[in-house]
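What follows is the content of start.txt (compact mmCIF, C-alpha atoms).
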```txt
# COMPACT_ATOMS: atom_id res chain seq x y z
CA MET A 13 10.33 11.55 48.17
CA ARG A 14 10.81 14.28 45.55
CA ILE A 15 13.81 12.41 44.13
CA LEU A 16 11.82 9.19 43.95
CA LEU A 17 8.86 10.97 42.33
CA SER A 18 11.15 12.64 39.79
CA PHE A 19 12.73 9.27 38.99
CA LEU A 20 9.33 7.66 38.46
CA ILE A 21 8.17 10.50 36.20
CA ALA A 22 11.38 10.33 34.16
CA SER A 23 11.03 6.56 33.83
CA LEU A 24 7.42 6.94 32.70
CA LEU A 25 8.37 9.52 30.10
CA ILE A 26 11.10 7.28 28.73
CA ALA A 27 8.70 4.34 28.59
CA CYS A 28 6.06 6.44 26.81
CA GLY A 29 8.60 7.90 24.44
CA ASN A 30 9.93 4.52 23.33
CA PRO A 31 6.98 2.13 23.28
CA THR A 32 7.36 -1.18 21.53
CA ALA A 33 5.11 -3.59 19.70
CA PRO A 34 4.82 -7.35 20.25
CA GLU A 35 8.03 -9.33 19.85
CA PHE A 36 6.96 -11.56 17.00
CA THR A 37 9.62 -14.21 16.54
CA HIS A 38 8.09 -16.55 14.01
CA LEU A 39 5.49 -16.67 11.31
CA GLU A 40 3.01 -19.25 10.09
CA ILE A 41 2.57 -19.05 6.31
CA LYS A 42 -0.44 -20.95 4.96
CA PRO A 43 -1.05 -20.94 1.19
CA VAL A 44 -4.72 -20.31 0.34
CA PHE A 45 -4.45 -19.95 -3.44
CA THR A 46 -1.92 -20.94 -6.09
CA ASP A 47 -2.06 -20.26 -9.82
CA SER A 48 0.22 -19.11 -12.63
CA LEU A 49 -0.47 -15.45 -11.92
CA SER A 50 1.41 -12.36 -10.80
CA ILE A 51 -0.74 -11.10 -7.90
CA ARG A 52 0.16 -7.60 -6.71
CA ALA A 53 -3.20 -6.32 -5.44
CA ILE A 54 -5.19 -7.86 -2.57
CA ALA A 55 -8.05 -6.62 -0.38
CA PRO A 56 -8.99 -8.83 2.61
CA LEU A 57 -12.55 -8.76 3.92
CA ASP A 58 -11.89 -10.86 7.04
CA GLU A 59 -9.72 -13.79 8.16
CA ASN A 60 -11.37 -16.10 5.61
CA ARG A 61 -12.03 -13.96 2.54
CA VAL A 62 -9.71 -11.96 0.34
CA TRP A 63 -10.25 -10.33 -3.05
CA PHE A 64 -7.38 -10.12 -5.53
CA ALA A 65 -6.59 -8.62 -8.91
CA ALA A 66 -3.82 -9.97 -11.13
CA ASN A 67 -2.43 -10.24 -14.62
CA LYS A 68 -4.08 -12.30 -17.39
CA GLY A 69 -7.29 -10.37 -16.66
CA MET A 70 -7.91 -12.36 -13.48
CA VAL A 71 -10.00 -11.06 -10.58
CA GLY A 72 -11.11 -13.32 -7.80
CA LEU A 73 -12.41 -13.88 -4.30
CA ILE A 74 -10.77 -16.54 -2.16
CA ASP A 75 -13.31 -17.80 0.39
CA LYS A 76 -11.30 -19.88 2.86
CA GLU A 77 -9.47 -21.90 0.22
CA THR A 78 -12.19 -21.85 -2.44
CA PRO A 79 -11.44 -19.51 -5.37
CA LYS A 80 -14.14 -17.77 -7.38
CA LEU A 81 -12.51 -16.32 -10.47
CA ALA A 82 -13.35 -14.21 -13.51
CA ALA A 83 -11.26 -13.06 -16.48
CA PHE A 84 -11.73 -9.51 -17.80
CA LYS A 85 -11.08 -8.50 -21.40
CA TYR A 86 -11.17 -5.10 -23.03
CA GLY A 87 -11.77 -5.71 -26.70
CA ASP A 88 -9.70 -8.76 -27.53
CA SER A 89 -7.06 -8.19 -24.85
CA LEU A 90 -6.86 -9.55 -21.32
CA LEU A 91 -6.31 -6.69 -18.89
CA GLN A 92 -3.44 -6.51 -16.41
CA PHE A 93 -4.64 -5.54 -12.91
CA ARG A 94 -2.46 -4.11 -10.13
CA ALA A 95 -4.92 -1.94 -8.18
CA ILE A 96 -7.87 -2.98 -6.02
CA ALA A 97 -10.11 -1.49 -3.32
CA THR A 98 -13.26 -2.53 -1.48
CA THR A 99 -16.19 -0.77 0.12
CA LYS A 100 -19.04 -2.40 2.05
CA ASN A 101 -20.58 -4.38 -0.81
CA THR A 102 -18.35 -3.47 -3.73
CA VAL A 103 -14.89 -4.25 -5.05
CA PHE A 104 -13.07 -2.08 -7.59
CA VAL A 105 -10.27 -3.23 -9.88
CA LEU A 106 -8.20 -0.96 -12.13
CA SER A 107 -5.99 -2.11 -15.00
CA VAL A 108 -2.46 -0.84 -15.09
CA ALA A 109 -1.69 0.30 -18.64
CA ASN A 110 -3.27 1.59 -21.84
CA PRO A 111 -6.20 1.40 -21.70
CA GLY A 112 -6.76 2.04 -18.00
CA VAL A 113 -10.10 0.40 -17.26
CA LEU A 114 -11.85 0.54 -13.88
CA TYR A 115 -14.57 -1.95 -12.97
CA LYS A 116 -17.10 -1.75 -10.16
CA ILE A 117 -18.15 -5.21 -8.97
CA GLY A 118 -21.03 -5.59 -6.56
CA PHE A 119 -20.97 -8.58 -4.23
CA ASP A 120 -23.15 -10.20 -1.59
CA SER A 121 -21.11 -12.14 0.97
CA ASN A 122 -19.12 -14.37 -1.39
CA GLU A 123 -21.00 -13.93 -4.67
CA ALA A 124 -20.56 -11.23 -7.31
CA THR A 125 -23.90 -9.60 -8.18
CA ALA A 126 -23.09 -7.05 -10.91
CA VAL A 127 -20.18 -5.72 -12.97
CA GLU A 128 -19.94 -2.18 -14.36
CA GLU A 129 -17.24 -0.48 -16.41
CA VAL A 130 -17.07 2.93 -14.71
CA TYR A 131 -13.92 4.59 -16.09
CA VAL A 132 -11.74 4.20 -19.20
CA GLU A 133 -8.64 6.18 -20.07
CA LYS A 134 -6.65 5.67 -23.27
CA GLY A 135 -3.20 6.99 -24.14
CA GLU A 136 0.37 5.82 -24.59
CA LYS A 137 1.43 7.12 -21.15
CA VAL A 138 -1.54 5.75 -19.17
CA PHE A 139 -0.24 3.65 -16.26
CA TYR A 140 -2.24 3.31 -13.03
CA ASP A 141 -0.58 2.09 -9.84
CA ALA A 142 -2.90 2.07 -6.81
CA MET A 143 -6.40 2.73 -5.48
CA ALA A 144 -8.03 3.28 -2.07
CA PHE A 145 -11.31 4.47 -0.50
CA TRP A 146 -11.87 6.76 2.48
CA ASN A 147 -15.40 5.44 2.95
CA ASP A 148 -18.21 3.86 0.93
CA LYS A 149 -18.63 7.00 -1.20
CA GLU A 150 -15.23 8.63 -1.67
CA GLY A 151 -12.26 7.01 -3.37
CA ILE A 152 -9.03 7.84 -5.18
CA ALA A 153 -6.68 6.16 -7.65
CA MET A 154 -3.27 7.33 -8.82
CA GLY A 155 -1.01 6.68 -11.75
CA ASP A 156 2.03 7.93 -13.60
CA PRO A 157 2.02 11.34 -15.30
CA THR A 158 0.45 11.65 -18.72
CA GLU A 159 1.23 15.39 -18.69
CA ASP A 160 3.33 17.24 -16.07
CA CYS A 161 1.51 15.96 -12.98
CA LEU A 162 0.50 12.65 -11.48
CA SER A 163 -2.65 11.03 -12.82
CA VAL A 164 -5.23 11.25 -10.02
CA ILE A 165 -8.83 10.16 -10.48
CA MET A 166 -11.50 10.49 -7.78
CA THR A 167 -15.07 9.48 -7.03
CA GLU A 168 -17.64 10.95 -4.64
CA ASP A 169 -20.61 8.73 -5.49
CA GLY A 170 -19.49 5.29 -4.45
CA GLY A 171 -17.43 4.64 -7.55
CA SER A 172 -20.18 5.03 -10.14
CA THR A 173 -18.39 7.98 -11.77
CA TRP A 174 -14.74 9.09 -11.68
CA LYS A 175 -13.10 12.39 -12.63
CA LYS A 176 -9.45 13.10 -13.31
CA LEU A 177 -7.93 16.06 -11.47
CA PRO A 178 -6.46 18.72 -13.78
CA CYS A 179 -2.73 19.44 -13.53
CA SER A 180 -3.58 22.97 -12.42
CA GLN A 181 -4.80 21.44 -9.14
CA LEU A 182 -1.73 19.24 -8.52
CA PRO A 183 1.98 19.84 -7.88
CA LYS A 184 4.17 19.39 -10.94
CA THR A 185 6.22 16.26 -11.39
CA VAL A 186 9.72 16.23 -12.87
CA GLU A 187 10.76 14.27 -15.94
CA GLY A 188 11.37 10.67 -14.91
CA GLU A 189 9.29 10.85 -11.70
CA ALA A 190 6.54 8.24 -11.57
CA ALA A 191 5.37 5.40 -9.32
CA PHE A 192 5.70 1.63 -9.05
CA ALA A 193 2.71 -0.64 -9.55
CA ALA A 194 4.33 -3.17 -7.23
CA SER A 195 1.81 -3.71 -4.42
CA ASN A 196 -1.17 -1.32 -4.66
CA SER A 197 0.38 0.69 -1.82
CA ASN A 198 1.48 4.00 -3.35
CA ILE A 199 -1.51 5.60 -1.59
CA ALA A 200 -2.08 6.01 2.16
CA LEU A 201 -5.28 7.38 3.71
CA TYR A 202 -6.14 8.59 7.21
CA GLY A 203 -9.04 10.85 8.16
CA ASN A 204 -9.38 13.36 5.31
CA HIS A 205 -5.71 12.98 4.40
CA VAL A 206 -4.16 11.25 1.41
CA TRP A 207 -0.47 10.68 0.75
CA ILE A 208 0.98 9.48 -2.58
CA ALA A 209 4.54 8.17 -2.97
CA THR A 210 6.72 8.41 -6.09
CA GLY A 211 10.02 7.05 -7.34
CA GLY A 212 12.41 7.10 -10.25
CA ILE A 213 14.36 10.30 -10.74
CA LYS A 214 12.62 11.77 -7.67
CA ALA A 215 11.30 10.00 -4.56
CA ARG A 216 8.72 12.33 -3.04
CA VAL A 217 5.48 12.33 -1.05
CA PHE A 218 2.44 14.24 -2.35
CA HIS A 219 -0.05 15.16 0.38
CA SER A 220 -3.59 16.48 0.51
CA PRO A 221 -5.21 17.21 3.90
CA ASP A 222 -8.70 17.66 2.41
CA LYS A 223 -9.43 14.66 0.18
CA GLY A 224 -7.70 15.99 -2.90
CA LYS A 225 -8.83 19.60 -2.93
CA THR A 226 -5.39 21.08 -2.15
CA TRP A 227 -1.93 19.52 -2.44
CA GLU A 228 1.66 19.92 -1.31
CA VAL A 229 4.72 17.84 -2.13
CA TYR A 230 7.62 16.93 0.17
CA ALA A 231 11.14 15.72 -0.50
CA THR A 232 12.39 12.49 1.08
CA PRO A 233 15.86 11.01 1.71
CA ILE A 234 14.94 7.78 -0.10
CA ILE A 235 17.39 6.65 -2.80
CA GLN A 236 16.46 8.19 -6.15
CA GLY A 237 17.86 9.16 -9.53
CA LYS A 238 17.50 5.91 -11.46
CA VAL A 239 14.53 4.30 -13.16
CA MET A 240 14.04 1.58 -10.52
CA THR A 241 14.94 3.57 -7.38
CA GLY A 242 12.56 5.30 -5.00
CA ILE A 243 9.55 4.73 -2.78
CA TYR A 244 7.62 1.57 -3.53
CA SER A 245 5.15 1.70 -0.61
CA ILE A 246 3.71 4.12 1.94
CA ASP A 247 1.56 3.71 5.04
CA PHE A 248 0.28 6.01 7.79
CA TYR A 249 -0.73 4.90 11.26
CA ASP A 250 -2.45 8.21 12.04
CA GLU A 251 -2.31 11.76 10.69
CA SER A 252 1.25 12.22 11.99
CA VAL A 253 3.14 8.90 11.94
CA GLY A 254 3.97 7.42 8.56
CA VAL A 255 6.50 5.09 6.95
CA ILE A 256 7.92 4.81 3.43
CA PHE A 257 9.86 1.88 2.04
CA GLY A 258 11.51 0.99 -1.21
CA GLY A 259 15.08 0.99 -2.46
CA ASN A 260 16.66 -0.12 -5.70
CA TRP A 261 14.91 -2.98 -7.48
CA ASP A 262 18.12 -3.63 -9.43
CA ASP A 263 20.13 -4.05 -6.19
CA LYS A 264 17.74 -5.60 -3.70
CA ASP A 265 20.32 -6.19 -0.96
CA PHE A 266 21.31 -2.51 -0.77
CA ASN A 267 19.88 -1.22 2.52
CA GLU A 268 20.88 2.44 2.58
CA GLY A 269 18.33 5.17 1.89
CA ASN A 270 15.43 2.76 1.47
CA LYS A 271 13.26 3.26 4.57
CA ALA A 272 12.14 6.34 6.50
CA ILE A 273 9.72 7.56 9.15
CA THR A 274 7.76 10.79 9.59
CA THR A 275 6.13 12.09 12.76
CA ASP A 276 4.82 15.36 11.31
CA GLY A 277 2.40 14.12 8.69
CA GLY A 278 4.93 13.70 5.91
CA LYS A 279 6.53 17.14 5.91
CA THR A 280 9.90 15.73 6.97
CA TRP A 281 11.30 12.21 6.78
CA ASN A 282 14.16 10.57 8.67
CA LEU A 283 15.97 7.46 7.53
CA ILE A 284 15.69 4.46 9.86
CA SER A 285 18.25 1.67 10.39
CA ASN A 286 20.25 3.09 7.51
CA GLY A 287 22.71 0.51 6.26
CA LYS A 288 21.11 -2.08 8.53
CA GLY A 289 18.04 -4.26 8.31
CA PRO A 290 16.22 -5.13 5.10
CA GLY A 291 17.05 -3.80 1.67
CA TYR A 292 14.47 -3.46 -1.09
CA ARG A 293 10.87 -4.18 -0.07
CA SER A 294 7.75 -3.55 -2.17
CA SER A 295 5.05 -3.29 0.53
CA VAL A 296 5.10 -1.88 4.07
CA ARG A 297 2.34 -1.85 6.67
CA PHE A 298 1.97 -0.79 10.29
CA VAL A 299 0.74 -3.61 12.49
CA PRO A 300 -2.72 -2.59 13.79
CA GLY A 301 -2.95 -1.65 17.46
CA THR A 302 0.77 -1.03 17.98
CA LYS A 303 0.69 2.79 18.14
CA GLY A 304 2.80 2.99 15.01
CA ASN A 305 5.67 0.93 16.40
CA GLY A 306 5.07 -2.45 14.74
CA ILE A 307 6.03 -2.48 11.05
CA VAL A 308 6.09 -5.32 8.54
CA ALA A 309 7.79 -5.00 5.15
CA VAL A 310 7.60 -7.64 2.44
CA GLY A 311 9.25 -8.06 -0.91
CA SER A 312 10.73 -10.70 -3.17
CA PRO A 313 13.68 -11.16 -0.72
CA GLY A 314 11.40 -11.98 2.24
CA ILE A 315 9.41 -10.71 5.21
CA SER A 316 10.90 -8.28 7.76
CA TYR A 317 9.50 -7.09 11.09
CA SER A 318 10.30 -4.23 13.46
CA ASN A 319 8.68 -3.67 16.85
CA ASP A 320 10.42 -0.35 17.55
CA ARG A 321 9.34 1.87 14.65
CA GLY A 322 12.07 0.66 12.34
CA GLU A 323 15.11 1.06 14.56
CA SER A 324 15.83 -2.69 14.49
CA TRP A 325 14.55 -5.55 12.36
CA ILE A 326 14.26 -9.32 12.32
CA GLU A 327 13.77 -11.49 9.28
CA LEU A 328 10.71 -13.68 9.78
CA SER A 329 10.89 -15.48 6.44
CA SER A 330 12.91 -15.61 3.23
CA GLU A 331 9.78 -16.46 1.25
CA GLY A 332 9.08 -13.70 -1.24
CA PHE A 333 5.86 -11.72 -1.60
CA TYR A 334 4.81 -8.55 -3.41
CA ALA A 335 2.09 -7.18 -1.11
CA ILE A 336 0.72 -7.51 2.41
CA GLU A 337 -2.56 -6.35 3.99
CA PHE A 338 -3.50 -6.87 7.64
CA VAL A 339 -6.86 -8.18 8.86
CA ASN A 340 -6.08 -7.63 12.56
CA ASP A 341 -3.04 -7.34 14.82
CA THR A 342 -1.76 -10.89 14.15
CA VAL A 343 -3.27 -11.99 10.82
CA ALA A 344 -2.56 -10.73 7.33
CA PHE A 345 -2.79 -11.86 3.73
CA ALA A 346 0.18 -11.62 1.39
CA SER A 347 0.37 -12.08 -2.36
CA GLY A 348 3.22 -12.83 -4.68
CA PRO A 349 4.22 -14.74 -7.77
CA ASN A 350 1.63 -17.48 -8.31
CA LYS A 351 0.18 -17.32 -4.79
CA ILE A 352 -1.80 -15.79 -1.95
CA SER A 353 -0.98 -16.85 1.60
CA LYS A 354 -2.44 -16.24 5.03
CA LEU A 355 0.17 -15.03 7.52
CA THR A 356 -0.16 -15.50 11.28
CA PHE A 357 2.38 -13.61 13.38
CA LYS A 358 3.42 -15.33 16.61
CA LYS A 359 5.54 -14.49 19.65
```

The structure given in the file should be rewritten as structure tokens.
Amino acid sequence: MRILLSFLIASLLIACGNPTAPEFTHLEIKPVFTDSLSIRAIAPLDENRVWFAANKGMVGLIDKETPKLAAFKYGDSLLQFRAIATTKNTVFVLSVANPGVLYKIGFDSNEATAVEEVYVEKGEKVFYDAMAFWNDKEGIAMGDPTEDCLSVIMTEDGGSTWKKLPCSQLPKTVEGEAAFAASNSNIALYGNHVWIATGGIKARVFHSPDKGKTWEVYATPIIQGKVMTGIYSIDFYDESVGVIFGGNWDDKDFNEGNKAITTDGGKTWNLISNGKGPGYRSSVRFVPGTKGNGIVAVGSPGISYSNDRGESWIELSSEGFYAIEFVNDTVAFASGPNKISKLTFKK
């Protein structure tokens, strides 16, 4: 009886220690919007509505397959958008380069109600990459260094005002360390935590456990040292389990040193399926409800899925996308060159 009980306990521990996510084997890809745009920032509201921000100054809401679009200019120039975030009744869009302009757009269901310019930053080195909100009041955006630290702006009043953190409050960057405005996913939030991923000469993870008040920075084993190498995307399932993904944009098939997992909140990172599975990907997300075991990574080479926390991968599609955001455990939206599509994952 003791032997049997010991065997059952051991079996249970093994099962708990190696849980898996659903075995998705195919993917339905349904285009919901096409246009001559580069769309790298999306924010779904539900299975039918998704906000996006793109180049050519374009910001829009896709309601089912009906687009509602607006073009934003600063002076005489159309802005280039690569960062977006939503709260309950507001969407925020942030332009990528000089000038960095942040707009607050109120909306009611599927109609915009007001537009405010809430932050402007000018300078040759201004380059903003991503934005996210903890709740309806507190948000954060990050960009490349303009001095010797990352550019981090924050709001505590629902996005009406934003303040840039001084470099004295942030870890120093090294020359050539920056971020990639590839998919609005350089920032990950969970609880009071925020993690920011970098690339280039260094591929590191900056972490604050208290909504930006204090910071630490951690090394990663992700490929680094060249302009287009490093971490392109980061996601956390909870305060402990996180994933980073990237690679070398100039050698997209290279699959060594381009994906890693942490189980201690980002302090240490371990490479996963090194030399196997997908190469360069620009956006990675945990599948909701999978206890951090289901992971989807998308990029211009296609869509990859793992149900065992990155140990093995299957290629669900060779269709290229820049960014992916989940609505629930089987439905997501993805954006790419000239398109937004609705993805349905199936067993």

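You can rank A:Tyr131, A:Gly211, A:Ile336, A:Ser195 by their closest distance to Leu162 (chain A) using all atoms listed in the file, and at the top of that list sits A:Gly211.
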
Please provide the set of residues having any atom within 6 Å of Lys149 (chain A), restricted to only C-alpha atoms, with same-chain residues fewer than 5 positions apart removed, written as number ranges by chain. A: 168-170

Write to file, as a tab-separated table (two decimals), in the frame of the given file, the residues of the selection just made, with C-alpha atoms.
```tsv
chain	number	residue	atom	x	y	z
A	168	GLU	CA	-17.64	10.95	-4.64
A	169	ASP	CA	-20.61	8.73	-5.49
A	170	GLY	CA	-19.49	5.29	-4.45
```

Between A:Phe248, A:Trp227, A:Trp325, A:Phe145, which has the minimum distance to Asn267 (chain A) (counting only C-alpha atoms)?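 Checking each of A:Phe248, A:Trp227, A:Trp325, A:Phe145 against Asn267 (chain A), counting only C-alpha atoms, the winner is A:Trp325.
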
Using only C-alpha atoms, pick whichever of A:Lys223, A:His205, A:Arg293, A:Lys184 has the shortest atom-to-atom distance to Met166 (chain A). A:Lys223

Polymer residues at most 12 Å from (4.9, -23.9, 9.9) by only C-alpha atoms, as a ChimeraX atom specification: /A:38-43,328-329,354-358

Compile the contact shell of Asn204 (chain A) as a PyMOL selection string: residues with an atom at most 9 Å away, counting all atoms listed in the file, same-chain residues fewer than 2 positions apart removed. chain A and resi 146+201-202+206+220-224

Shell of 10 Å around Asp263 (chain A), all atoms listed in the file, local chain residues under 6 positions omitted, as a PyMOL selection string: chain A and resi 240-241+291-292

Residues within 12 Å of Thr167 (chain A), please, as a ChimeraX atom specification. Count only C-alpha atoms; anything in the same chain fewer than 4 positions from it doesn't count. /A:104,114,116,130-131,143-153,171-177,223-224

Point out the residue among A:Ala215, A:Ala124, A:Ile284, A:Leu91 with the least atom-to-atom distance to Pro111 (chain A), counting all atoms listed in the file.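 Looking only at the distances to Pro111 (chain A), the closest residue turns out to be A:Leu91.
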
What's around Gly278 (chain A) at 10 Å? Count all atoms listed in the file, leave out sequence neighbours fewer than 5 positions away in its own chain, and write the answer as a list in words.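 Final neighbour list, sorted by chain and number: Trp207, Arg216, Val217, Phe218, His219, Val229, Tyr230, Ala231, Thr232, Phe248, Glu251, Ser252, Val253, Gly254, Val255, Ile256 and Ile273 of chain A.
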
Which value, in Å to one decimal, gives the distance between CA of Lys288 (chain A) and CA of Ser324 (chain A)? 8.0 Å

Nearest-residue call for Ile326 (chain A), choices A:Glu136, A:Glu123, A:Glu228, A:Glu35, using only C-alpha atoms: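 Checking each of A:Glu136, A:Glu123, A:Glu228, A:Glu35 against Ile326 (chain A), counting only C-alpha atoms, the winner is A:Glu35.
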
Just how far from CA of Lys303 (chain A) is CA of Thr275 (chain A), in Å to one decimal?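 Here the two named atoms are 12.0 Å from each other.
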
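Rounded to one decimal, CA of Ser353 (chain A) and CA of Asp156 (chain A) lie 29.2 Å from each other.
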
My list of candidates is A:Asn101, A:Thr280, A:Asn196, A:Asn270. Which is closest to Ser347 (chain A) when distances are computed with all atoms listed in the file?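 Smallest distance to Ser347 (chain A) is found for A:Asn196.
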